[in-house]
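> Just passing along the structure, written as structure tokens.
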Amino acid sequence: MASMHTSTTFSSFSLFSSKRVNVKASIHVPRPNYVLPKKHILTRSKLMEGLSTFTDSVPLPILEKNDLSNSAISNNSSMQLYAILEAVSDRIEMHKNIGEQRQNWNELLLNNINMITLTATTLTGVAAATGAVGAQFLALKLSSTLLFSAATCMLLVMNKIQPSQLAEEQRNATRLFRQLWTQIQTKITLGNLITEEDVESSMEKVLALDKAYPLPLLGGAMLEKFPAKYEPAVWWPEKRREGNAAETKMMTGNSNNSSNGWSEELETELRKVIEVMKRKDIEDYERLGNIALKINKSLAIAGPLLTGIAAIGSTFVGNSDGFLSAMVPLLAGSMACAINGLEHGGQVGMVFEMYRSSGGFFRMLSESIESTLEENDLEKRENGEILEMKIAMMLGRSVLELRQVASKSASCCMDEFASKLF
């Protein structure tokens, strides 16, 4: 038995050993049958010798003092531009949130004032119709008078600040700050040398937008909601030519064409487009803006006036004939609800701000084209073909349609506007 056990163990061990040998043979990688020549084998000494020879034959660039200073200025300007970009991003969020808040103001105040006015009108009608006497009649009359007075005070505040117009201002500011954010981000993404002029130009644009669309309502910072006449919005800095030149250099670079995409035909075309905008678009928005301003002024005066008349009239209910004495507060309260719904429900203030913003857009576009054409050095201008395409897109037209508008501009009976977008 011992011999059988020993032979079995030996045979198992032999089988296992043979399997191990087979596995090793299956993964064994044979050696190559060729040998590299000694002249192709790099030693450490030969490698160092080759590197020294390369550095001797090809001189390495040496940063001089001026290069280092320019690099430091560029790095500092880039960090400042990043800081402005963060500020612009924060302003976008601020104007967006405050715009939503002021839109809620318009809806809530309108609903509350109309409910208060209707309740006061109902109480006045009940007091006159039921013929209540004594304490009941006094309670109804006093309640209606207080409610009419509260509606008058709330309307005066609401008509002064014009929440619908405030909300439209914040929407426009959000859109314009997003455009500025995109312009700054484009400068950073292109990776060109950022100068101090780029930083100053971006800072001026931010401050101009802050001035055009202020956030606070107190301290005289709020825009005048009822100006003497219509004036288009202005949200760009006065010094625009320098900013355009810097942006043009960044966007278009040095053109291989000496004319930089400009020709006499293109200059004539753009001047004719400016004439069409001034004669048709700007004048039309000025006319519509003045109409909206007059309507808004009339409604803003009529609403509180009618609720005030209703408050005074409610105090005389019951002194003479009940029905006749109640006619004044009932009619005044009903008309006040209708006028308030038309003014704030129809958002007449928002319509006026929309006309003001659209007029500002055409004014900005015309001033931008004029400042570009006043530059005598063609290399300092924005590329003419790119500018033509940008203007066509801003006006909602193709380049061919823009040229057709310029060709028809001399016609006295031309009814077509420069813009198809607004």
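Residues in the structure tokens are numbered from 1 in each chain, the chains being A, B, ... in the order shown, and ligands are numbered from 1 in the order shown.
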What's the 12 Å shell around Glu264 of chain A, counting only C-alpha atoms, without same-chain residues fewer than 6 positions away, as an NGL selection string?
:A and (270-271 or 373 or 378 or 384)
> Counting only C-alpha atoms, which residue out of A:Glu367, A:Leu266, A:Ala292, A:Ile309 sits closest to Asn383 of chain A?
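Going through A:Glu367, A:Leu266, A:Ala292, A:Ile309 one by one, the smallest distance to Asn383 of chain A is for A:Leu266.
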> Segment 249-317 of chain A near segment 390-393 of chain A within 12 Å: what's each residue's closest atom pair and its distance in Å to one decimal, counting only C-alpha atoms, ordered by chain then ascending residue number, as a tab-separated table?

```
residue	atom	partner	partner_atom	distance
A:Glu269	CA	A:Ile391	CA	11.5
A:Leu270	CA	A:Ile391	CA	9.1
A:Val273	CA	A:Ile391	CA	9.6
A:Ile274	CA	A:Ile391	CA	10.7
A:Met277	CA	A:Ile391	CA	11.9
```
> Please provide the set of residues having any atom within 7 Å of segment 168-178 of chain A, restricted to only C-alpha atoms, with same-chain residues fewer than 3 positions apart removed, written as a ChimeraX atom specification.
/A:88,92,95-96,99,164-165,181-182,213,350,353
> Which residues, written as a ChimeraX atom specification, have at least one atom at most 10 Å from Leu306 of chain A, with only C-alpha atoms counted and residues fewer than 2 positions away on the same chain left out?
/A:148,152,301-304,308-312,328-329,331-337,339
> Using all heavy atoms, can you export the residues from the last selection as a compact mmCIF listing (two decimals), in the first residue's frame?

```
# COMPACT_ATOMS: atom_id res chain seq x y z
N PHE A 148 -60.86 103.04 -0.54
CA PHE A 148 -60.57 103.93 -1.68
C PHE A 148 -59.32 104.76 -1.42
O PHE A 148 -58.50 104.99 -2.33
CB PHE A 148 -61.77 104.86 -1.94
CG PHE A 148 -62.85 104.24 -2.77
CD1 PHE A 148 -64.17 104.27 -2.36
CD2 PHE A 148 -62.56 103.64 -4.00
CE1 PHE A 148 -65.18 103.70 -3.13
CE2 PHE A 148 -63.55 103.08 -4.78
CZ PHE A 148 -64.87 103.11 -4.34
N THR A 152 -55.81 104.68 -3.54
CA THR A 152 -55.22 105.90 -4.12
C THR A 152 -53.74 106.00 -3.78
O THR A 152 -52.91 106.29 -4.65
CB THR A 152 -55.97 107.13 -3.60
OG1 THR A 152 -57.36 107.02 -3.93
CG2 THR A 152 -55.41 108.40 -4.22
N ILE A 301 -52.23 109.52 -14.35
CA ILE A 301 -52.94 110.59 -13.64
C ILE A 301 -54.39 110.20 -13.39
O ILE A 301 -54.96 110.47 -12.32
CB ILE A 301 -52.85 111.90 -14.45
CG1 ILE A 301 -51.40 112.37 -14.51
CG2 ILE A 301 -53.73 112.98 -13.82
CD1 ILE A 301 -51.19 113.56 -15.44
N ALA A 302 -55.02 109.55 -14.37
CA ALA A 302 -56.45 109.25 -14.27
C ALA A 302 -56.75 108.22 -13.18
O ALA A 302 -57.78 108.35 -12.48
CB ALA A 302 -56.96 108.75 -15.61
N GLY A 303 -55.89 107.22 -13.02
CA GLY A 303 -56.17 106.17 -12.03
C GLY A 303 -56.29 106.69 -10.61
O GLY A 303 -57.34 106.54 -9.96
N PRO A 304 -55.24 107.32 -10.05
CA PRO A 304 -55.35 107.86 -8.69
C PRO A 304 -56.41 108.96 -8.56
O PRO A 304 -57.03 109.11 -7.50
CB PRO A 304 -53.94 108.42 -8.42
CG PRO A 304 -53.06 107.70 -9.36
CD PRO A 304 -53.89 107.45 -10.58
N GLY A 308 -59.37 108.74 -5.89
CA GLY A 308 -59.50 109.84 -4.92
C GLY A 308 -60.90 110.44 -4.94
O GLY A 308 -61.49 110.74 -3.88
N ILE A 309 -61.47 110.61 -6.15
CA ILE A 309 -62.86 111.11 -6.25
C ILE A 309 -63.82 110.11 -5.60
O ILE A 309 -64.78 110.52 -4.91
CB ILE A 309 -63.21 111.35 -7.72
CG1 ILE A 309 -62.40 112.52 -8.28
CG2 ILE A 309 -64.70 111.61 -7.89
CD1 ILE A 309 -62.56 112.73 -9.77
N ALA A 310 -63.57 108.82 -5.81
CA ALA A 310 -64.43 107.81 -5.19
C ALA A 310 -64.33 107.85 -3.67
O ALA A 310 -65.33 107.66 -2.97
CB ALA A 310 -64.06 106.44 -5.72
N ALA A 311 -63.11 108.09 -3.15
CA ALA A 311 -62.95 108.17 -1.69
C ALA A 311 -63.71 109.35 -1.12
O ALA A 311 -64.35 109.25 -0.07
CB ALA A 311 -61.46 108.27 -1.35
N ILE A 312 -63.63 110.49 -1.82
CA ILE A 312 -64.36 111.66 -1.33
C ILE A 312 -65.87 111.46 -1.49
O ILE A 312 -66.67 111.81 -0.60
CB ILE A 312 -63.89 112.92 -2.09
CG1 ILE A 312 -62.42 113.19 -1.80
CG2 ILE A 312 -64.74 114.13 -1.71
CD1 ILE A 312 -61.82 114.30 -2.64
N VAL A 328 -71.47 108.65 -7.86
CA VAL A 328 -70.11 109.14 -8.09
C VAL A 328 -69.06 108.12 -7.67
O VAL A 328 -68.17 107.76 -8.46
CB VAL A 328 -69.90 110.50 -7.38
CG1 VAL A 328 -68.43 110.92 -7.47
CG2 VAL A 328 -70.80 111.56 -7.97
N PRO A 329 -69.07 107.60 -6.42
CA PRO A 329 -68.04 106.61 -6.06
C PRO A 329 -68.16 105.31 -6.83
O PRO A 329 -67.14 104.68 -7.14
CB PRO A 329 -68.29 106.39 -4.56
CG PRO A 329 -69.66 106.84 -4.31
CD PRO A 329 -69.93 107.95 -5.26
N LEU A 331 -69.26 104.90 -10.04
CA LEU A 331 -68.71 105.09 -11.38
C LEU A 331 -67.20 105.32 -11.34
O LEU A 331 -66.45 104.77 -12.17
CB LEU A 331 -69.40 106.28 -12.05
CG LEU A 331 -70.87 106.08 -12.43
CD1 LEU A 331 -71.45 107.37 -13.00
CD2 LEU A 331 -71.01 104.95 -13.45
N ALA A 332 -66.74 106.13 -10.39
CA ALA A 332 -65.31 106.41 -10.30
C ALA A 332 -64.52 105.14 -9.97
O ALA A 332 -63.44 104.89 -10.55
CB ALA A 332 -65.05 107.49 -9.26
N GLY A 333 -65.02 104.35 -9.04
CA GLY A 333 -64.32 103.11 -8.69
C GLY A 333 -64.28 102.12 -9.84
O GLY A 333 -63.24 101.48 -10.09
N SER A 334 -65.37 102.01 -10.57
CA SER A 334 -65.40 101.08 -11.71
C SER A 334 -64.44 101.53 -12.81
O SER A 334 -63.70 100.72 -13.40
CB SER A 334 -66.83 100.98 -12.25
OG SER A 334 -67.71 100.53 -11.25
N MET A 335 -64.46 102.83 -13.11
CA MET A 335 -63.56 103.34 -14.14
C MET A 335 -62.10 103.23 -13.70
O MET A 335 -61.21 102.96 -14.53
CB MET A 335 -63.90 104.80 -14.43
CG MET A 335 -65.24 104.99 -15.13
SD MET A 335 -65.65 106.74 -15.39
CE MET A 335 -64.33 107.22 -16.49
N ALA A 336 -61.82 103.41 -12.43
CA ALA A 336 -60.44 103.28 -11.94
C ALA A 336 -59.92 101.86 -12.13
O ALA A 336 -58.76 101.66 -12.53
CB ALA A 336 -60.37 103.67 -10.46
N CYS A 337 -60.77 100.86 -11.89
CA CYS A 337 -60.35 99.46 -12.11
C CYS A 337 -60.02 99.22 -13.58
O CYS A 337 -59.04 98.55 -13.91
CB CYS A 337 -61.45 98.51 -11.65
SG CYS A 337 -61.62 98.37 -9.87
N ILE A 339 -59.10 101.46 -15.86
CA ILE A 339 -57.90 102.20 -16.25
C ILE A 339 -56.64 101.54 -15.70
O ILE A 339 -55.62 101.43 -16.40
CB ILE A 339 -58.02 103.67 -15.79
CG1 ILE A 339 -59.05 104.38 -16.65
CG2 ILE A 339 -56.67 104.38 -15.88
CD1 ILE A 339 -59.34 105.79 -16.22
```
> Write down as a ChimeraX atom specification the residues belonging to segment 74-290 of chain A that are assigned alpha helix (DSSP H) by DSSP computed on the backbone.
/A:74-130,134-161,163-190,196-212,241-252,264-276,283-290
> Let me make sure I understand: among A:Phe352, A:Val276, A:Ser314, A:Trp235, which one has the smallest atom-to-atom distance to Ile291 of chain A if we use only C-alpha atoms?
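The closest residue to Ile291 of chain A is A:Phe352.
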> So the first atom is atom CA of Gly220 of chain A and the second is atom CA of Pro237 of chain A; what is the distance between them in Å, to one decimal place?
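Between atom CA of Gly220 of chain A and atom CA of Pro237 of chain A the gap is 21.4 Å.
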> Between A:Gly261, A:Gly359, A:Gly346, A:Gly313, which has the minimum distance to Lys380 of chain A (counting only C-alpha atoms)?
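The closest residue to Lys380 of chain A is A:Gly261.
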> Looking at A:Met394, A:Leu387, A:Met154, A:Leu223, which one is nearest to Asn111 of chain A, with distances taken over only C-alpha atoms?
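Of all the options, A:Met154 lies closest to Asn111 of chain A.
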